[in-house]
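What follows is a single structure, written as structure tokens, with notes after it.
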Amino acid sequence: MPGDRAPRALSRQCERPPPRWLALGRPVPAPARLALGAASFLATLAAYAWLAGRDGVNSALAPTLASIGRATADALGSAELWLDVRYSFLRVTAGFAAAALLAVPLGVLAGAFRSIAALIEPPTEFLRYVPVPALIPLVMIAAGIGEGAKVLLVFLGTFFQLLLMTADEVRRVPAPLLQVSQSLGATRREIVWRVLAPAALPGIWSALRMCNGWAWSYVVVAELVAATEGLGFRVLRFYRFIQTPSIYAYLVVLGAIGLGLDWAFGAAHRRLFRWARGRDA
């Protein structure tokens with residue numbers, strides 16, 4: 001009979017808790033996170049060293065770690081590298097700052113008002129799928145091959161993405177905040193700029209952090225086409241002379257710059273938005 005049926009045995013997953021390191025959603029302690037990251041980095045280096053030492057591997061594609069280390073040391077000791085870093089950093093900063101100053105306010109308005117979103121989001125969605133390298137000929141026709149063209153490419157590469165990400169963050173603001181502000185008599189302008197924008201600011205900051213990384217990829221692409229200095233220009237020059245260790249050295253520098261900027265954005269997020277503990281970077 002149905003009532004006499006023996007209860008089904010619990011699944012293996014229900015009989016015992018999952019392993020500590022594989023528990024879903026459980027945060028990893030900071031020391032363990034650092035150890036795992038270091039182990040991953042060392043494993044990558046070991047795999048590359050093994051590959052570079054194999055017979056039949058093209059040394060022009062995979063030079064030894066020793067040659068890359070020497071090229072990196074030489075680059076760090078030369079004034080040429082720091083000049084390239086300076087030019088690339090200024091181009092990224094100018095284009096990224098211009099994109100942020102325009103995209104963030106527009107994104108806040110698009111997230112707050114459906115009518116504005118319906119007006120500006122369709123063309124933005126279309127343009128964000130246009131590859132930035134495909135725009136290089138048009139940018140060169142419009143702005144020449146000077147600094148303005150490189151800054152414009154960074155702007156185009158980050159503006160559309162940042163606008164849409166900002167609008168999404170504003171829409172994630174809890175509705176009770178709007179209801180409370182309306183019940184207290186706040187005007188629409190006050191609700192947008194004193195309730196919605198501050199509440200969405202932690203997420204907007206995370207979007208800025210992500211777009212800054214994209215900006216560096218776009219400036220390198222711009223410098224590959226028309227430049228006489230910059231990290232991207234130097235990588236292309238090393239390629240022409242098959243100086244692969246120097247290419248890897250500059251890639252190491254680019255990665256270090258990216259990690260440093262990402263750390264700075266994350267540290268600023270934790271310091272500025274301590275009240276948003278659930279959204280820490």
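Order determines the names: the first chain of the structure tokens is A, the second B, and so forth; residues in each chain are numbered 1 upward, and ligands are numbered 1 upward as they are shown.
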
Practice task
Pull the helix (DSSP H, G or I) assignments for segment 93-188 of chain A out of DSSP run on the backbone, and list those residues as an MDAnalysis selection string.
Solution key: chainID A and resid 93:112 114:127 132:143 147:171 175:183 188

Residues at most 9 Å from segment 221-233 of chain A, counting only C-alpha atoms, excluding those fewer than 5 positions away in the same chain, as a CSV table (one decimal) with C-alpha atoms, in the first residue's frame?
```csv
chain,number,residue,atom,x,y,z
A,80,GLU,CA,61.8,54.4,-24.1
A,81,LEU,CA,59.4,52.2,-22.1
A,83,LEU,CA,57.8,57.3,-22.6
A,84,ASP,CA,55.5,54.8,-24.2
A,85,VAL,CA,53.7,54.2,-20.9
A,86,ARG,CA,53.2,57.9,-20.6
A,87,TYR,CA,51.7,58.4,-24.0
A,88,SER,CA,49.4,55.4,-23.7
A,89,PHE,CA,48.3,56.4,-20.3
A,132,VAL,CA,36.1,49.4,-32.8
A,133,PRO,CA,38.9,48.4,-35.2
A,136,ILE,CA,39.6,53.1,-37.6
A,140,MET,CA,41.3,58.6,-39.4
A,145,ILE,CA,46.2,60.4,-37.4
A,146,GLY,CA,47.1,62.6,-34.5
A,147,GLU,CA,46.3,62.3,-30.8
A,149,ALA,CA,42.1,60.0,-33.4
A,150,LYS,CA,43.5,57.8,-30.7
A,151,VAL,CA,41.5,59.4,-27.9
A,153,LEU,CA,38.9,55.5,-30.5
A,154,VAL,CA,39.1,55.0,-26.8
A,216,TRP,CA,43.5,49.9,-22.7
A,238,PHE,CA,59.1,44.5,-32.2
A,250,TYR,CA,55.7,44.8,-23.1
A,251,LEU,CA,52.8,42.4,-22.6
A,254,LEU,CA,50.6,46.0,-19.9
```

Handout entry: Spatial neighbours of Thr72 of chain A, max dist 9 Å, only C-alpha atoms, sep filter under 3 positions, as a ChimeraX atom specification
Key = /A:67-69,75-77,245-246,248-250,252-253

Restricted to all heavy atoms, what would the selected residues look like written as a PDB file, in the first residue's frame?
```pdb
ATOM      1  N   SER A  67      64.972  34.490 -21.527  1.00  0.00           N
ATOM      2  CA  SER A  67      65.079  35.575 -22.511  1.00  0.00           C
ATOM      3  C   SER A  67      64.005  36.630 -22.286  1.00  0.00           C
ATOM      4  O   SER A  67      64.259  37.837 -22.447  1.00  0.00           O
ATOM      5  CB  SER A  67      64.980  35.010 -23.923  1.00  0.00           C
ATOM      6  OG  SER A  67      63.716  34.399 -24.148  1.00  0.00           O
ATOM      7  N   ILE A  68      62.826  36.204 -21.887  1.00  0.00           N
ATOM      8  CA  ILE A  68      61.757  37.176 -21.582  1.00  0.00           C
ATOM      9  C   ILE A  68      62.133  38.001 -20.356  1.00  0.00           C
ATOM     10  O   ILE A  68      61.913  39.214 -20.314  1.00  0.00           O
ATOM     11  CB  ILE A  68      60.421  36.452 -21.371  1.00  0.00           C
ATOM     12  CG1 ILE A  68      59.970  35.785 -22.666  1.00  0.00           C
ATOM     13  CG2 ILE A  68      59.348  37.426 -20.890  1.00  0.00           C
ATOM     14  CD1 ILE A  68      58.719  34.932 -22.512  1.00  0.00           C
ATOM     15  N   GLY A  69      62.720  37.339 -19.359  1.00  0.00           N
ATOM     16  CA  GLY A  69      63.146  38.070 -18.168  1.00  0.00           C
ATOM     17  C   GLY A  69      64.205  39.101 -18.487  1.00  0.00           C
ATOM     18  O   GLY A  69      64.161  40.235 -17.971  1.00  0.00           O
ATOM     19  N   ALA A  75      63.898  46.489 -20.711  1.00  0.00           N
ATOM     20  CA  ALA A  75      62.846  47.469 -20.988  1.00  0.00           C
ATOM     21  C   ALA A  75      62.604  48.369 -19.790  1.00  0.00           C
ATOM     22  O   ALA A  75      62.444  49.596 -19.929  1.00  0.00           O
ATOM     23  CB  ALA A  75      61.553  46.747 -21.378  1.00  0.00           C
ATOM     24  N   LEU A  76      62.574  47.782 -18.591  1.00  0.00           N
ATOM     25  CA  LEU A  76      62.325  48.580 -17.386  1.00  0.00           C
ATOM     26  C   LEU A  76      63.450  49.578 -17.127  1.00  0.00           C
ATOM     27  O   LEU A  76      63.221  50.618 -16.503  1.00  0.00           O
ATOM     28  CB  LEU A  76      62.156  47.662 -16.173  1.00  0.00           C
ATOM     29  CG  LEU A  76      60.902  46.787 -16.175  1.00  0.00           C
ATOM     30  CD1 LEU A  76      60.917  45.843 -14.977  1.00  0.00           C
ATOM     31  CD2 LEU A  76      59.639  47.635 -16.150  1.00  0.00           C
ATOM     32  N   GLY A  77      64.633  49.287 -17.613  1.00  0.00           N
ATOM     33  CA  GLY A  77      65.751  50.198 -17.420  1.00  0.00           C
ATOM     34  C   GLY A  77      65.921  51.223 -18.513  1.00  0.00           C
ATOM     35  O   GLY A  77      66.855  52.044 -18.452  1.00  0.00           O
ATOM     36  N   PRO A 245      60.890  38.156 -27.485  1.00  0.00           N
ATOM     37  CA  PRO A 245      61.028  38.397 -26.036  1.00  0.00           C
ATOM     38  C   PRO A 245      60.629  39.815 -25.621  1.00  0.00           C
ATOM     39  O   PRO A 245      60.037  40.009 -24.562  1.00  0.00           O
ATOM     40  CB  PRO A 245      62.512  38.126 -25.774  1.00  0.00           C
ATOM     41  CG  PRO A 245      62.915  37.173 -26.841  1.00  0.00           C
ATOM     42  CD  PRO A 245      62.137  37.599 -28.049  1.00  0.00           C
ATOM     43  N   SER A 246      60.938  40.796 -26.464  1.00  0.00           N
ATOM     44  CA  SER A 246      60.554  42.169 -26.152  1.00  0.00           C
ATOM     45  C   SER A 246      59.042  42.349 -26.227  1.00  0.00           C
ATOM     46  O   SER A 246      58.464  43.134 -25.463  1.00  0.00           O
ATOM     47  CB  SER A 246      61.250  43.142 -27.111  1.00  0.00           C
ATOM     48  OG  SER A 246      62.657  43.100 -26.942  1.00  0.00           O
ATOM     49  N   TYR A 248      56.846  40.020 -25.426  1.00  0.00           N
ATOM     50  CA  TYR A 248      56.357  39.480 -24.161  1.00  0.00           C
ATOM     51  C   TYR A 248      56.657  40.432 -23.007  1.00  0.00           C
ATOM     52  O   TYR A 248      55.870  40.546 -22.060  1.00  0.00           O
ATOM     53  CB  TYR A 248      56.980  38.114 -23.903  1.00  0.00           C
ATOM     54  CG  TYR A 248      56.299  36.987 -24.633  1.00  0.00           C
ATOM     55  CD1 TYR A 248      56.786  36.523 -25.850  1.00  0.00           C
ATOM     56  CD2 TYR A 248      55.166  36.386 -24.108  1.00  0.00           C
ATOM     57  CE1 TYR A 248      56.163  35.486 -26.521  1.00  0.00           C
ATOM     58  CE2 TYR A 248      54.533  35.354 -24.777  1.00  0.00           C
ATOM     59  CZ  TYR A 248      55.040  34.911 -25.986  1.00  0.00           C
ATOM     60  OH  TYR A 248      54.407  33.889 -26.646  1.00  0.00           O
ATOM     61  N   ALA A 249      57.803  41.097 -23.048  1.00  0.00           N
ATOM     62  CA  ALA A 249      58.141  42.052 -21.989  1.00  0.00           C
ATOM     63  C   ALA A 249      57.115  43.177 -21.923  1.00  0.00           C
ATOM     64  O   ALA A 249      56.665  43.569 -20.836  1.00  0.00           O
ATOM     65  CB  ALA A 249      59.538  42.617 -22.235  1.00  0.00           C
ATOM     66  N   TYR A 250      56.722  43.694 -23.083  1.00  0.00           N
ATOM     67  CA  TYR A 250      55.722  44.758 -23.095  1.00  0.00           C
ATOM     68  C   TYR A 250      54.347  44.236 -22.687  1.00  0.00           C
ATOM     69  O   TYR A 250      53.557  44.953 -22.073  1.00  0.00           O
ATOM     70  CB  TYR A 250      55.671  45.406 -24.481  1.00  0.00           C
ATOM     71  CG  TYR A 250      56.531  46.646 -24.584  1.00  0.00           C
ATOM     72  CD1 TYR A 250      57.910  46.571 -24.396  1.00  0.00           C
ATOM     73  CD2 TYR A 250      55.985  47.888 -24.852  1.00  0.00           C
ATOM     74  CE1 TYR A 250      58.709  47.689 -24.478  1.00  0.00           C
ATOM     75  CE2 TYR A 250      56.771  49.023 -24.949  1.00  0.00           C
ATOM     76  CZ  TYR A 250      58.142  48.916 -24.751  1.00  0.00           C
ATOM     77  OH  TYR A 250      58.932  50.041 -24.828  1.00  0.00           O
ATOM     78  N   VAL A 252      53.945  41.937 -20.462  1.00  0.00           N
ATOM     79  CA  VAL A 252      54.049  41.887 -18.992  1.00  0.00           C
ATOM     80  C   VAL A 252      53.783  43.263 -18.401  1.00  0.00           C
ATOM     81  O   VAL A 252      53.070  43.404 -17.394  1.00  0.00           O
ATOM     82  CB  VAL A 252      55.439  41.365 -18.585  1.00  0.00           C
ATOM     83  CG1 VAL A 252      55.662  41.548 -17.086  1.00  0.00           C
ATOM     84  CG2 VAL A 252      55.586  39.891 -18.953  1.00  0.00           C
ATOM     85  N   VAL A 253      54.333  44.288 -19.026  1.00  0.00           N
ATOM     86  CA  VAL A 253      54.107  45.653 -18.534  1.00  0.00           C
ATOM     87  C   VAL A 253      52.632  46.028 -18.644  1.00  0.00           C
ATOM     88  O   VAL A 253      52.051  46.597 -17.712  1.00  0.00           O
ATOM     89  CB  VAL A 253      54.986  46.650 -19.312  1.00  0.00           C
ATOM     90  CG1 VAL A 253      54.624  48.092 -18.956  1.00  0.00           C
ATOM     91  CG2 VAL A 253      56.460  46.393 -19.024  1.00  0.00           C
TER      92      VAL A 253
END
```

Check which residues of segment 152-264 of chain A sit at most 7 Å from segment 93-104 of chain A using only C-alpha atoms, and return one row each with the closest pair of atoms and their distance in Å to one decimal, ordered by chain and rising number, as CSV.
```
residue,atom,partner,partner_atom,distance
A:Leu152,CA,A:Gly95,CA,6.2
A:Val154,CA,A:Gly95,CA,5.0
A:Phe155,CA,A:Gly95,CA,4.5
A:Thr158,CA,A:Ala99,CA,6.4
A:Phe159,CA,A:Ala99,CA,4.7
A:Leu162,CA,A:Ala103,CA,6.1
A:Leu163,CA,A:Ala103,CA,4.6
A:Thr166,CA,A:Val104,CA,6.1
A:Asn212,CA,A:Phe96,CA,6.8
A:Ala215,CA,A:Phe96,CA,6.6
```

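Going from atom CA of Leu208 of chain A to atom CA of Leu36 of chain A covers 26.7 Å.
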
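We find atom CA of Arg70 of chain A and atom CA of Ala49 of chain A to be spaced 15.0 Å apart.
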
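The coordinates place atom CA of Arg234 of chain A at 18.9 Å from atom CA of Ala62 of chain A.
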